[in-house]
file protein12.csv (CSV, C-alpha atoms and all ligand atoms)
chain,number,residue,atom,x,y,z
A,1,MET,CA,0.0,0.0,0.0
A,2,GLY,CA,1.5,3.3,-1.1
A,3,LEU,CA,1.7,6.3,1.2
A,4,THR,CA,0.1,9.6,0.3
A,5,ILE,CA,2.3,12.7,0.9
A,6,ASP,CA,0.0,15.2,2.6
A,7,GLY,CA,0.6,18.6,0.9
A,8,LYS,CA,-2.0,20.3,3.2
A,9,PHE,CA,-0.1,19.2,6.3
A,10,ILE,CA,3.2,20.6,4.9
A,11,ALA,CA,1.4,23.8,3.8
A,12,ASN,CA,-0.2,24.2,7.3
A,13,ASN,CA,3.2,24.3,8.9
A,14,ILE,CA,4.4,27.0,6.6
A,15,LYS,CA,1.1,28.9,7.1
A,16,LYS,CA,1.6,29.2,10.8
A,17,ASP,CA,5.0,30.9,10.2
A,18,ILE,CA,3.4,33.2,7.7
A,19,ILE,CA,0.6,34.3,10.1
A,20,LYS,CA,3.2,35.3,12.7
A,21,LYS,CA,5.3,37.3,10.3
A,22,VAL,CA,2.2,39.1,8.9
A,23,GLU,CA,1.1,40.0,12.4
A,24,TYR,CA,4.6,41.4,13.0
A,25,LEU,CA,4.5,43.4,9.8
A,26,ARG,CA,1.1,44.8,10.4
A,27,GLU,CA,2.1,45.9,14.0
A,28,LYS,CA,4.9,47.9,12.4
A,29,GLY,CA,2.4,49.5,10.0
A,30,ASN,CA,3.1,47.4,6.9
A,31,ILE,CA,0.4,45.7,4.9
A,32,PRO,CA,1.7,42.8,2.8
A,33,THR,CA,-0.2,43.0,-0.5
A,34,LEU,CA,-0.2,40.7,-3.5
A,35,ALA,CA,-1.2,41.9,-7.0
A,36,ILE,CA,-2.5,39.0,-9.1
A,37,VAL,CA,-2.5,39.6,-12.9
A,38,ARG,CA,-4.5,37.1,-15.0
A,39,LEU,CA,-4.9,37.0,-18.7
A,40,GLY,CA,-7.9,35.0,-19.9
A,41,ASP,CA,-9.4,32.1,-17.9
A,42,ASN,CA,-7.1,29.1,-18.0
A,43,PRO,CA,-8.4,26.5,-15.5
A,44,GLY,CA,-4.9,26.1,-13.9
A,45,ASP,CA,-4.7,29.8,-13.3
A,46,ILE,CA,-8.2,30.0,-11.9
A,47,SER,CA,-7.6,27.1,-9.6
A,48,TYR,CA,-4.4,28.8,-8.3
A,49,GLU,CA,-6.1,32.1,-8.0
A,50,LYS,CA,-8.9,30.6,-5.8
A,51,SER,CA,-6.3,29.0,-3.5
A,52,ILE,CA,-4.3,32.2,-3.3
A,53,ILE,CA,-7.3,34.4,-2.4
A,54,LYS,CA,-8.5,31.9,0.2
A,55,LEU,CA,-5.0,31.6,1.9
A,56,CYS,CA,-4.4,35.3,1.8
A,57,SER,CA,-7.6,35.9,3.7
A,58,ASP,CA,-6.6,33.2,6.2
A,59,VAL,CA,-3.2,34.8,6.9
A,60,ASN,CA,-4.4,38.4,6.6
A,61,ILE,CA,-2.4,39.3,3.4
A,62,ASP,CA,-4.3,41.8,1.1
A,63,THR,CA,-4.8,41.0,-2.6
A,64,LYS,CA,-5.5,43.1,-5.6
A,65,LYS,CA,-6.8,41.3,-8.7
A,66,PHE,CA,-6.3,42.4,-12.3
A,67,VAL,CA,-7.9,40.4,-15.1
A,68,PHE,CA,-7.5,41.2,-18.8
A,69,ASP,CA,-8.5,39.6,-22.1
A,70,ASN,CA,-6.1,37.1,-23.7
A,71,ASP,CA,-5.6,39.5,-26.6
A,72,ILE,CA,-3.9,42.2,-24.5
A,73,SER,CA,-0.7,43.5,-26.2
A,74,THR,CA,2.8,43.2,-24.8
A,75,LYS,CA,3.0,46.9,-24.5
A,76,GLU,CA,-0.2,47.2,-22.6
A,77,LEU,CA,0.9,44.5,-20.2
A,78,GLN,CA,4.3,46.2,-19.7
A,79,GLN,CA,2.4,49.4,-18.8
A,80,ILE,CA,0.3,47.6,-16.3
A,81,LEU,CA,3.4,46.0,-14.7
A,82,GLY,CA,5.0,49.4,-14.7
A,83,GLN,CA,2.2,50.8,-12.7
A,84,LEU,CA,2.2,48.0,-10.2
A,85,ASN,CA,6.0,48.3,-9.9
A,86,GLU,CA,5.5,52.0,-9.0
A,87,ASP,CA,2.6,51.4,-6.6
A,88,THR,CA,4.1,51.5,-3.1
A,89,SER,CA,1.0,49.7,-1.6
A,90,ILE,CA,1.9,46.6,-3.5
A,91,SER,CA,4.6,44.2,-2.1
A,92,GLY,CA,4.6,41.5,-4.7
A,93,ILE,CA,3.3,40.8,-8.2
A,94,LEU,CA,2.2,37.4,-9.6
A,95,LEU,CA,1.5,37.1,-13.3
A,96,PHE,CA,0.0,33.8,-14.3
A,97,ARG,CA,1.9,31.8,-16.9
A,98,PRO,CA,2.2,30.5,-19.6
A,99,LEU,CA,1.4,33.8,-21.4
A,100,PRO,CA,-0.6,33.9,-24.6
A,101,GLU,CA,1.6,33.1,-27.7
A,102,HIS,CA,1.6,36.6,-29.1
A,103,ILE,CA,3.1,38.2,-25.9
A,104,ASP,CA,6.9,38.7,-25.8
A,105,GLU,CA,7.6,36.8,-22.7
A,106,ASN,CA,11.2,37.9,-22.5
A,107,LEU,CA,10.2,41.6,-22.5
A,108,ILE,CA,7.6,40.9,-19.8
A,109,ARG,CA,9.9,38.9,-17.6
A,110,ASN,CA,12.3,41.9,-17.7
A,111,SER,CA,9.6,44.4,-16.9
A,112,ILE,CA,8.9,43.2,-13.3
A,113,ASN,CA,10.5,45.1,-10.4
A,114,LEU,CA,13.2,42.8,-9.0
A,115,ASN,CA,12.0,43.4,-5.4
A,116,LYS,CA,8.3,42.5,-6.2
A,117,ASP,CA,9.1,39.4,-8.2
A,118,VAL,CA,7.4,36.8,-5.9
A,119,ASP,CA,7.3,34.1,-8.6
A,120,CYS,CA,10.9,34.6,-9.5
A,121,MET,CA,10.3,35.3,-13.2
A,122,HIS,CA,13.0,38.0,-13.8
A,123,PRO,CA,16.1,36.5,-15.4
A,124,LEU,CA,18.3,38.2,-12.7
A,125,ASN,CA,16.3,36.5,-9.9
A,126,LEU,CA,16.2,33.2,-11.7
A,127,GLU,CA,19.9,33.3,-12.3
A,128,LYS,CA,20.5,33.2,-8.5
A,129,ILE,CA,18.7,29.8,-8.4
A,130,PHE,CA,20.9,28.5,-11.2
A,131,GLU,CA,23.9,29.7,-9.1
A,132,GLY,CA,22.7,27.9,-6.0
A,133,ASP,CA,22.0,31.1,-4.2
A,134,TYR,CA,18.6,30.9,-2.3
A,135,SER,CA,18.8,34.2,-0.5
A,136,GLY,CA,16.2,35.8,-2.9
A,137,PHE,CA,12.8,34.7,-4.2
A,138,THR,CA,12.3,31.1,-5.2
A,139,PRO,CA,10.1,29.9,-8.1
A,140,CYS,CA,7.0,28.8,-6.2
A,141,THR,CA,6.0,25.6,-8.0
A,142,SER,CA,9.6,24.3,-8.1
A,143,LYS,CA,10.2,25.0,-4.4
A,144,ALA,CA,6.9,23.3,-3.6
A,145,ALA,CA,7.8,20.1,-5.4
A,146,LEU,CA,11.2,20.1,-3.6
A,147,LEU,CA,9.5,20.6,-0.2
A,148,ALA,CA,7.1,17.7,-0.9
A,149,ILE,CA,10.2,15.5,-1.4
A,150,LEU,CA,12.1,16.9,1.6
A,151,ASN,CA,9.1,16.4,3.8
A,152,SER,CA,8.4,12.9,2.7
A,153,GLY,CA,11.0,11.5,5.0
A,154,ILE,CA,13.4,10.2,2.3
A,155,GLU,CA,17.0,11.2,2.0
A,156,LEU,CA,17.4,13.1,-1.4
A,157,ASP,CA,21.2,12.9,-1.3
A,158,GLY,CA,22.4,10.7,-4.2
A,159,LYS,CA,18.9,9.7,-5.4
A,160,THR,CA,18.0,9.7,-9.1
A,161,VAL,CA,15.2,12.1,-10.0
A,162,ALA,CA,13.3,12.3,-13.4
A,163,VAL,CA,11.8,15.7,-14.0
A,164,ILE,CA,9.2,15.6,-16.7
A,165,ASN,CA,9.0,19.3,-17.7
A,166,ARG,CA,11.7,21.6,-19.2
A,167,SER,CA,10.1,25.0,-18.7
A,168,MET,CA,11.7,28.0,-16.9
A,169,VAL,CA,8.7,28.1,-14.6
A,170,VAL,CA,8.9,24.5,-13.3
A,171,GLY,CA,11.4,22.0,-14.7
A,172,LYS,CA,14.7,23.9,-15.2
A,173,PRO,CA,14.7,25.7,-11.8
A,174,LEU,CA,13.6,22.5,-10.1
A,175,ALA,CA,16.4,20.5,-11.7
A,176,MET,CA,18.9,23.1,-10.3
A,177,MET,CA,17.4,23.0,-6.8
A,178,LEU,CA,17.5,19.2,-6.8
A,179,LEU,CA,21.2,19.3,-7.9
A,180,SER,CA,21.9,21.6,-5.0
A,181,ASN,CA,20.4,18.9,-2.8
A,182,ASN,CA,22.8,16.3,-4.3
A,183,ALA,CA,20.3,14.5,-6.4
A,184,THR,CA,21.2,13.1,-9.9
A,185,VAL,CA,18.7,14.7,-12.3
A,186,THR,CA,17.3,13.7,-15.7
A,187,ILE,CA,15.1,16.3,-17.5
A,188,CYS,CA,12.5,14.7,-19.8
A,189,HIS,CA,10.3,16.3,-22.4
A,190,SER,CA,8.1,15.6,-25.4
A,191,LYS,CA,11.0,14.3,-27.5
A,192,THR,CA,12.4,12.0,-24.9
A,193,HIS,CA,12.6,8.4,-26.1
A,194,ASP,CA,11.2,5.6,-23.9
A,195,LEU,CA,10.0,7.8,-21.0
A,196,ARG,CA,8.8,4.7,-19.2
A,197,LYS,CA,12.2,3.2,-19.0
A,198,ILE,CA,13.5,6.4,-17.4
A,199,THR,CA,10.6,6.8,-14.9
A,200,LYS,CA,10.8,3.1,-13.9
A,201,SER,CA,14.5,3.3,-13.2
A,202,SER,CA,14.4,6.6,-11.2
A,203,ASP,CA,14.0,6.8,-7.4
A,204,ILE,CA,11.8,9.9,-7.7
A,205,VAL,CA,9.6,11.1,-10.6
A,206,VAL,CA,8.4,14.7,-10.7
A,207,THR,CA,5.8,15.3,-13.4
A,208,ALA,CA,4.4,18.6,-14.7
A,209,LEU,CA,3.1,17.6,-18.1
A,210,GLY,CA,-0.4,19.0,-17.9
A,211,ARG,CA,-2.2,15.9,-19.2
A,212,ALA,CA,-4.9,14.6,-16.9
A,213,LYS,CA,-4.2,11.0,-15.7
A,214,TYR,CA,-1.5,10.4,-18.3
A,215,PHE,CA,0.7,8.1,-16.2
A,216,ASN,CA,-0.7,4.8,-15.0
A,217,LYS,CA,1.0,2.2,-12.8
A,218,ASP,CA,3.1,0.8,-15.7
A,219,TYR,CA,5.4,3.9,-15.5
A,220,PHE,CA,6.4,3.1,-11.9
A,221,THR,CA,7.7,0.5,-9.5
A,222,ASN,CA,6.8,-0.4,-5.9
A,223,GLU,CA,9.7,1.8,-4.8
A,224,SER,CA,8.8,4.9,-6.8
A,225,ILE,CA,8.2,8.3,-5.2
A,226,VAL,CA,5.8,10.2,-7.4
A,227,ILE,CA,5.5,14.0,-7.2
A,228,ASP,CA,2.6,15.2,-9.3
A,229,VAL,CA,2.8,18.9,-10.2
A,230,GLY,CA,0.2,18.6,-13.0
A,231,VAL,CA,-3.1,20.6,-12.8
A,232,SER,CA,-5.6,20.0,-15.5
A,233,GLN,CA,-9.2,19.0,-15.8
A,234,ASP,CA,-10.2,15.4,-16.5
A,235,LYS,CA,-13.0,14.5,-18.9
A,236,ASN,CA,-15.6,15.2,-16.2
A,237,GLY,CA,-14.2,18.7,-15.6
A,238,LYS,CA,-12.6,17.6,-12.3
A,239,LEU,CA,-9.2,19.0,-11.2
A,240,SER,CA,-6.7,16.2,-11.9
A,241,GLY,CA,-2.9,15.7,-11.9
A,242,ASP,CA,-0.8,14.0,-14.5
A,243,VAL,CA,-1.0,10.7,-12.7
A,244,ASP,CA,-3.9,8.3,-12.5
A,245,PHE,CA,-3.9,8.4,-8.7
A,246,GLU,CA,-6.3,5.5,-8.1
A,247,ASP,CA,-4.4,3.2,-10.4
A,248,VAL,CA,-1.0,4.2,-9.0
A,249,VAL,CA,-1.4,4.8,-5.3
A,250,ASN,CA,-1.1,1.1,-4.2
A,251,ASN,CA,1.7,0.3,-6.6
A,252,VAL,CA,4.3,2.9,-5.6
A,253,ARG,CA,6.1,3.8,-2.3
A,254,MET,CA,4.7,7.4,-2.0
A,255,ILE,CA,2.7,9.8,-4.1
A,256,THR,CA,1.3,13.3,-3.8
A,257,PRO,CA,-2.5,13.7,-4.6
A,258,VAL,CA,-4.2,16.4,-6.7
A,259,PRO,CA,-5.8,18.4,-5.1
A,260,GLY,CA,-4.2,18.4,-1.7
A,261,GLY,CA,-0.6,17.9,-2.9
A,262,VAL,CA,2.0,20.2,-4.4
A,263,GLY,CA,-0.6,22.9,-5.3
A,264,SER,CA,-1.3,23.6,-1.6
A,265,ILE,CA,2.4,24.0,-0.9
A,266,THR,CA,2.9,26.2,-3.9
A,267,THR,CA,0.4,28.7,-2.6
A,268,CYS,CA,2.2,28.9,0.7
A,269,VAL,CA,5.6,29.4,-0.9
A,270,LEU,CA,4.1,32.3,-2.9
A,271,LEU,CA,2.8,33.9,0.3
A,272,GLU,CA,6.1,33.3,2.0
A,273,ASN,CA,7.7,35.3,-0.9
A,274,VAL,CA,5.1,38.1,-0.5
A,275,VAL,CA,6.0,38.4,3.2
A,276,LYS,CA,9.7,38.4,2.3
A,277,ALA,CA,9.1,41.2,-0.3
A,278,CYS,CA,7.2,43.3,2.3
A,279,MET,CA,9.9,42.7,5.0
A,280,LYS,CA,12.6,43.9,2.6
A,281,GLU,CA,10.6,46.9,1.6
A,282,ALA,CA,10.1,47.8,5.2
A,283,VAL,CA,13.8,47.2,5.8
A,284,LEU,CA,12.9,44.6,8.5
A,285,ILE,CA,15.2,42.0,7.0
B,301,LIG,N1,3.4,32.4,-12.9
B,301,LIG,C1,2.8,31.2,-12.5
B,301,LIG,N2,3.3,30.5,-11.5
B,301,LIG,C2,2.6,29.3,-11.1
B,301,LIG,O1,3.1,28.7,-10.1
B,301,LIG,C3,1.5,28.9,-11.8
B,301,LIG,C4,1.0,29.7,-12.9
B,301,LIG,N3,1.7,30.8,-13.2
B,301,LIG,N4,-0.1,29.4,-13.6
B,301,LIG,C5,-0.9,28.3,-13.2
B,301,LIG,C6,-0.2,27.2,-12.5
B,301,LIG,C7,-1.0,26.3,-11.7
B,301,LIG,N5,-0.7,26.5,-10.4
B,301,LIG,C8,-1.4,26.0,-9.3
B,301,LIG,C9,-1.0,26.2,-8.0
B,301,LIG,C10,-1.7,25.8,-6.9
B,301,LIG,C11,-3.0,25.2,-7.1
B,301,LIG,C12,-3.7,24.7,-5.9
B,301,LIG,O2,-3.6,25.2,-4.8
B,301,LIG,N6,-4.6,23.8,-6.1
B,301,LIG,C13,-5.4,23.2,-5.0
B,301,LIG,C14,-6.8,22.9,-5.3
B,301,LIG,C15,-7.6,24.1,-5.7
B,301,LIG,C16,-9.0,23.8,-6.3
B,301,LIG,O3,-9.7,22.9,-5.7
B,301,LIG,O4,-9.4,24.3,-7.3
B,301,LIG,C17,-4.8,21.9,-4.6
B,301,LIG,O5,-4.1,21.3,-5.4
B,301,LIG,O6,-5.0,21.4,-3.5
B,301,LIG,C18,-3.4,25.0,-8.4
B,301,LIG,C19,-2.7,25.4,-9.5
B,301,LIG,C20,0.4,27.3,-10.3
B,301,LIG,N7,0.8,27.8,-11.5

call {"tool": "encode", "arguments": {"input": "protein12.csv", "output": "structure tokens", "more": "lines below"}}
Ligand SMILES: Nc1nc(=O)c2c([nH]1)NC[C@@H]1CN(c3ccc(C(=O)N[C@@H](CCC(=O)O)C(=O)O)cc3)C=[N+]21
result
Amino acid sequence: MGLTIDGKFIANNIKKDIIKKVEYLREKGNIPTLAIVRLGDNPGDISYEKSIIKLCSDVNIDTKKFVFDNDISTKELQQILGQLNEDTSISGILLFRPLPEHIDENLIRNSINLNKDVDCMHPLNLEKIFEGDYSGFTPCTSKAALLAILNSGIELDGKTVAVINRSMVVGKPLAMMLLSNNATVTICHSKTHDLRKITKSSDIVVTALGRAKYFNKDYFTNESIVIDVGVSQDKNGKLSGDVDFEDVVNNVRMITPVPGGVGSITTCVLLENVVKACMKEAVLI
């Protein structure tokens, strides 16, 4: 019987710490505030947004939400980010990704104020992660996947990890963070040959494919540790991960569920970053 890694439990521990810090900040007259910028109505974004707003209200962080059509231009989006950068009432900015195809992602990534970059999208902030310097902001989803592994009770040192995602939002930063923790990492993607051979021979598999229930038990062994970062809708419109949980749970060593797994931790990591941004702004750290 496989063990379920309880993301909510891990998230709750982080949450307690956030609550204390927010109280401290508010006592000193600082109001941690997150600006959320969403383009269109992607289900993954909406699911994340719901979790963020709920958690912010639980921990007493303010939110300001900005929603635009998918066809907004790069220039308009840059102007909006420019205003949020200037707005001293805003501690951190989260822009949901991936962005629509026509947007110049590189220009946008460079437009965010380095000190408000709570999802670590600016190349200069991201570079620190690649250097192994974790003193700044951390990419939330990658950090959450790492925390799920570190809290599962297994020793990461020397383990083999297959990361199924090569994006700058999840896969690449995660691979660097795993390396810093002495794991041996294989990054897999759509052109990878014989993915099953790789997943079956890895101690840990982290997947962020975005295809509901894509992986069944044939991809794993009884010893596998499966971290499911996928968030999509199954054919019934229900939130689902990349892994067919029911099929897999009793045939692996450990697995994170969706919902209640990595997603809940991601939201906490984001708010940790908002608190950090607010502390820095108030020169309290
Ligand atoms: N710049 C950027 N950074 C991201 O990290 C990012 C993004 N854009 N775009 C969308 C995806 C998706 N994502 C989720 C995070 C948490 C939950 C989450 O908390 N889900 C709850 C369930 C919520 C529900 O029931 O709807 C859970 O898994 O328990 C979901 C989705 C972050 N992403």

call {"tool": "residues_near_ligand", "arguments": {"input": "protein12.csv", "ligand": "ligand LIG 301 (chain B)", "cutoff": "8 Å", "atoms": "only C-alpha atoms and all ligand atoms", "output": "count of residues only"}}
result
38

call {"tool": "closest_residue", "arguments": {"input": "protein12.csv", "among": "A:Leu55, A:Leu81, A:Leu3, A:Val67", "to": "A:Asn222", "atoms": "only C-alpha atoms"}}
result
A:Leu3

call {"tool": "residues_near_point", "arguments": {"input": "protein12.csv", "point": "(0.2, 16.9, -17.9)", "cutoff": "9 Å", "atoms": "only C-alpha atoms", "output": "PyMOL selection string"}}
result
chain A and resi 207-215+229-232+241-243

call {"tool": "axis_aligned_box", "arguments": {"input": "protein12.csv", "around": "stretch 153-161 of chain A", "padding_each_side": "4 Å", "output": "JSON"}}
result
{"center_x": 16.7, "center_y": 11.4, "center_z": -2.5, "size_x": 19.4, "size_y": 11.4, "size_z": 23.0}

call {"tool": "closest_residue", "arguments": {"input": "protein12.csv", "among": "A:Asn165, A:Asp6, A:Asp203, A:Ile61", "to": "A:Lys191", "atoms": "all atoms listed in the file"}}
result
A:Asn165

call {"tool": "residues_around", "arguments": {"input": "protein12.csv", "residues": "A:Met254", "least_positions_apart": "6", "cutoff": "12 Å", "atoms": "only C-alpha atoms", "output": "list in words"}}
result
Met1, Gly2, Leu3, Thr4, Ile5, Asp6, Ala148, Ile149, Asn151, Ser152, Gly153, Ile154, Asp203, Ile204, Val205, Val206, Phe220, Thr221, Asn222, Glu223, Ser224, Ile225, Val226, Ile227, Asp228, Phe245, Val248 and Gly261 of chain A

call {"tool": "closest_residue", "arguments": {"input": "protein12.csv", "among": "A:Val163, A:Met176, A:Val274, A:Ile53", "to": "A:Ile129", "atoms": "all atoms listed in the file"}}
result
A:Met176

call {"tool": "decode", "arguments": {"input": "protein12.csv", "residues": "stretch 73-103 of chain A", "atoms": "N, CA and C atoms", "output": "PDB file, in the first residue's frame"}}
result
ATOM      1  N   SER A  73      -2.011  43.458 -25.527  1.00  0.00           N
ATOM      2  CA  SER A  73      -0.713  43.512 -26.217  1.00  0.00           C
ATOM      3  C   SER A  73       0.436  43.498 -25.204  1.00  0.00           C
ATOM      4  N   THR A  74       1.630  43.180 -25.697  1.00  0.00           N
ATOM      5  CA  THR A  74       2.813  43.160 -24.834  1.00  0.00           C
ATOM      6  C   THR A  74       3.006  44.536 -24.197  1.00  0.00           C
ATOM      7  N   LYS A  75       2.790  45.579 -25.013  1.00  0.00           N
ATOM      8  CA  LYS A  75       3.002  46.939 -24.546  1.00  0.00           C
ATOM      9  C   LYS A  75       2.033  47.306 -23.411  1.00  0.00           C
ATOM     10  N   GLU A  76       0.758  46.942 -23.606  1.00  0.00           N
ATOM     11  CA  GLU A  76      -0.237  47.223 -22.564  1.00  0.00           C
ATOM     12  C   GLU A  76       0.120  46.483 -21.269  1.00  0.00           C
ATOM     13  N   LEU A  77       0.542  45.242 -21.418  1.00  0.00           N
ATOM     14  CA  LEU A  77       0.896  44.455 -20.235  1.00  0.00           C
ATOM     15  C   LEU A  77       2.123  45.060 -19.533  1.00  0.00           C
ATOM     16  N   GLN A  78       3.070  45.527 -20.319  1.00  0.00           N
ATOM     17  CA  GLN A  78       4.250  46.187 -19.743  1.00  0.00           C
ATOM     18  C   GLN A  78       3.841  47.440 -18.954  1.00  0.00           C
ATOM     19  N   GLN A  79       2.872  48.186 -19.520  1.00  0.00           N
ATOM     20  CA  GLN A  79       2.412  49.398 -18.835  1.00  0.00           C
ATOM     21  C   GLN A  79       1.760  49.053 -17.502  1.00  0.00           C
ATOM     22  N   ILE A  80       0.970  47.986 -17.494  1.00  0.00           N
ATOM     23  CA  ILE A  80       0.297  47.571 -16.261  1.00  0.00           C
ATOM     24  C   ILE A  80       1.344  47.165 -15.211  1.00  0.00           C
ATOM     25  N   LEU A  81       2.315  46.375 -15.645  1.00  0.00           N
ATOM     26  CA  LEU A  81       3.379  45.970 -14.709  1.00  0.00           C
ATOM     27  C   LEU A  81       4.130  47.203 -14.210  1.00  0.00           C
ATOM     28  N   GLY A  82       4.340  48.166 -15.111  1.00  0.00           N
ATOM     29  CA  GLY A  82       5.019  49.417 -14.733  1.00  0.00           C
ATOM     30  C   GLY A  82       4.276  50.138 -13.611  1.00  0.00           C
ATOM     31  N   GLN A  83       2.955  50.184 -13.735  1.00  0.00           N
ATOM     32  CA  GLN A  83       2.150  50.842 -12.690  1.00  0.00           C
ATOM     33  C   GLN A  83       2.239  50.090 -11.367  1.00  0.00           C
ATOM     34  N   LEU A  84       2.175  48.763 -11.452  1.00  0.00           N
ATOM     35  CA  LEU A  84       2.250  47.957 -10.223  1.00  0.00           C
ATOM     36  C   LEU A  84       3.638  48.065  -9.592  1.00  0.00           C
ATOM     37  N   ASN A  85       4.657  48.153 -10.434  1.00  0.00           N
ATOM     38  CA  ASN A  85       6.027  48.342  -9.926  1.00  0.00           C
ATOM     39  C   ASN A  85       6.133  49.624  -9.097  1.00  0.00           C
ATOM     40  N   GLU A  86       5.475  50.679  -9.598  1.00  0.00           N
ATOM     41  CA  GLU A  86       5.546  52.000  -8.956  1.00  0.00           C
ATOM     42  C   GLU A  86       4.678  52.098  -7.705  1.00  0.00           C
ATOM     43  N   ASP A  87       3.612  51.319  -7.669  1.00  0.00           N
ATOM     44  CA  ASP A  87       2.603  51.410  -6.608  1.00  0.00           C
ATOM     45  C   ASP A  87       3.177  50.907  -5.274  1.00  0.00           C
ATOM     46  N   THR A  88       3.402  51.845  -4.345  1.00  0.00           N
ATOM     47  CA  THR A  88       4.072  51.474  -3.086  1.00  0.00           C
ATOM     48  C   THR A  88       3.170  50.639  -2.161  1.00  0.00           C
ATOM     49  N   SER A  89       1.869  50.566  -2.476  1.00  0.00           N
ATOM     50  CA  SER A  89       0.988  49.738  -1.631  1.00  0.00           C
ATOM     51  C   SER A  89       1.104  48.254  -2.001  1.00  0.00           C
ATOM     52  N   ILE A  90       1.807  47.951  -3.080  1.00  0.00           N
ATOM     53  CA  ILE A  90       1.919  46.554  -3.526  1.00  0.00           C
ATOM     54  C   ILE A  90       3.290  45.963  -3.199  1.00  0.00           C
ATOM     55  N   SER A  91       3.286  44.833  -2.469  1.00  0.00           N
ATOM     56  CA  SER A  91       4.557  44.202  -2.071  1.00  0.00           C
ATOM     57  C   SER A  91       5.073  43.268  -3.159  1.00  0.00           C
ATOM     58  N   GLY A  92       4.150  42.493  -3.762  1.00  0.00           N
ATOM     59  CA  GLY A  92       4.570  41.483  -4.735  1.00  0.00           C
ATOM     60  C   GLY A  92       3.598  41.377  -5.891  1.00  0.00           C
ATOM     61  N   ILE A  93       4.110  40.919  -7.036  1.00  0.00           N
ATOM     62  CA  ILE A  93       3.282  40.794  -8.238  1.00  0.00           C
ATOM     63  C   ILE A  93       3.372  39.353  -8.748  1.00  0.00           C
ATOM     64  N   LEU A  94       2.196  38.733  -8.981  1.00  0.00           N
ATOM     65  CA  LEU A  94       2.167  37.407  -9.614  1.00  0.00           C
ATOM     66  C   LEU A  94       1.453  37.521 -10.949  1.00  0.00           C
ATOM     67  N   LEU A  95       2.150  37.166 -12.005  1.00  0.00           N
ATOM     68  CA  LEU A  95       1.541  37.120 -13.339  1.00  0.00           C
ATOM     69  C   LEU A  95       1.426  35.653 -13.729  1.00  0.00           C
ATOM     70  N   PHE A  96       0.192  35.199 -13.991  1.00  0.00           N
ATOM     71  CA  PHE A  96       0.010  33.789 -14.335  1.00  0.00           C
ATOM     72  C   PHE A  96       0.664  33.467 -15.676  1.00  0.00           C
ATOM     73  N   ARG A  97       1.263  32.299 -15.733  1.00  0.00           N
ATOM     74  CA  ARG A  97       1.899  31.808 -16.949  1.00  0.00           C
ATOM     75  C   ARG A  97       1.462  30.383 -17.213  1.00  0.00           C
ATOM     76  N   PRO A  98       1.594  29.842 -18.419  1.00  0.00           N
ATOM     77  CA  PRO A  98       2.209  30.471 -19.588  1.00  0.00           C
ATOM     78  C   PRO A  98       1.378  31.642 -20.131  1.00  0.00           C
ATOM     79  N   LEU A  99       2.074  32.600 -20.768  1.00  0.00           N
ATOM     80  CA  LEU A  99       1.408  33.759 -21.350  1.00  0.00           C
ATOM     81  C   LEU A  99       0.884  33.389 -22.743  1.00  0.00           C
ATOM     82  N   PRO A 100      -0.108  34.129 -23.253  1.00  0.00           N
ATOM     83  CA  PRO A 100      -0.574  33.870 -24.627  1.00  0.00           C
ATOM     84  C   PRO A 100       0.592  33.957 -25.618  1.00  0.00           C
ATOM     85  N   GLU A 101       0.508  33.188 -26.690  1.00  0.00           N
ATOM     86  CA  GLU A 101       1.584  33.072 -27.695  1.00  0.00           C
ATOM     87  C   GLU A 101       2.116  34.419 -28.203  1.00  0.00           C
ATOM     88  N   HIS A 102       1.207  35.379 -28.440  1.00  0.00           N
ATOM     89  CA  HIS A 102       1.620  36.634 -29.096  1.00  0.00           C
ATOM     90  C   HIS A 102       2.395  37.568 -28.157  1.00  0.00           C
ATOM     91  N   ILE A 103       2.384  37.279 -26.866  1.00  0.00           N
ATOM     92  CA  ILE A 103       3.087  38.156 -25.906  1.00  0.00           C
ATOM     93  C   ILE A 103       4.587  37.853 -25.920  1.00  0.00           C
TER      94      ILE A 103
END
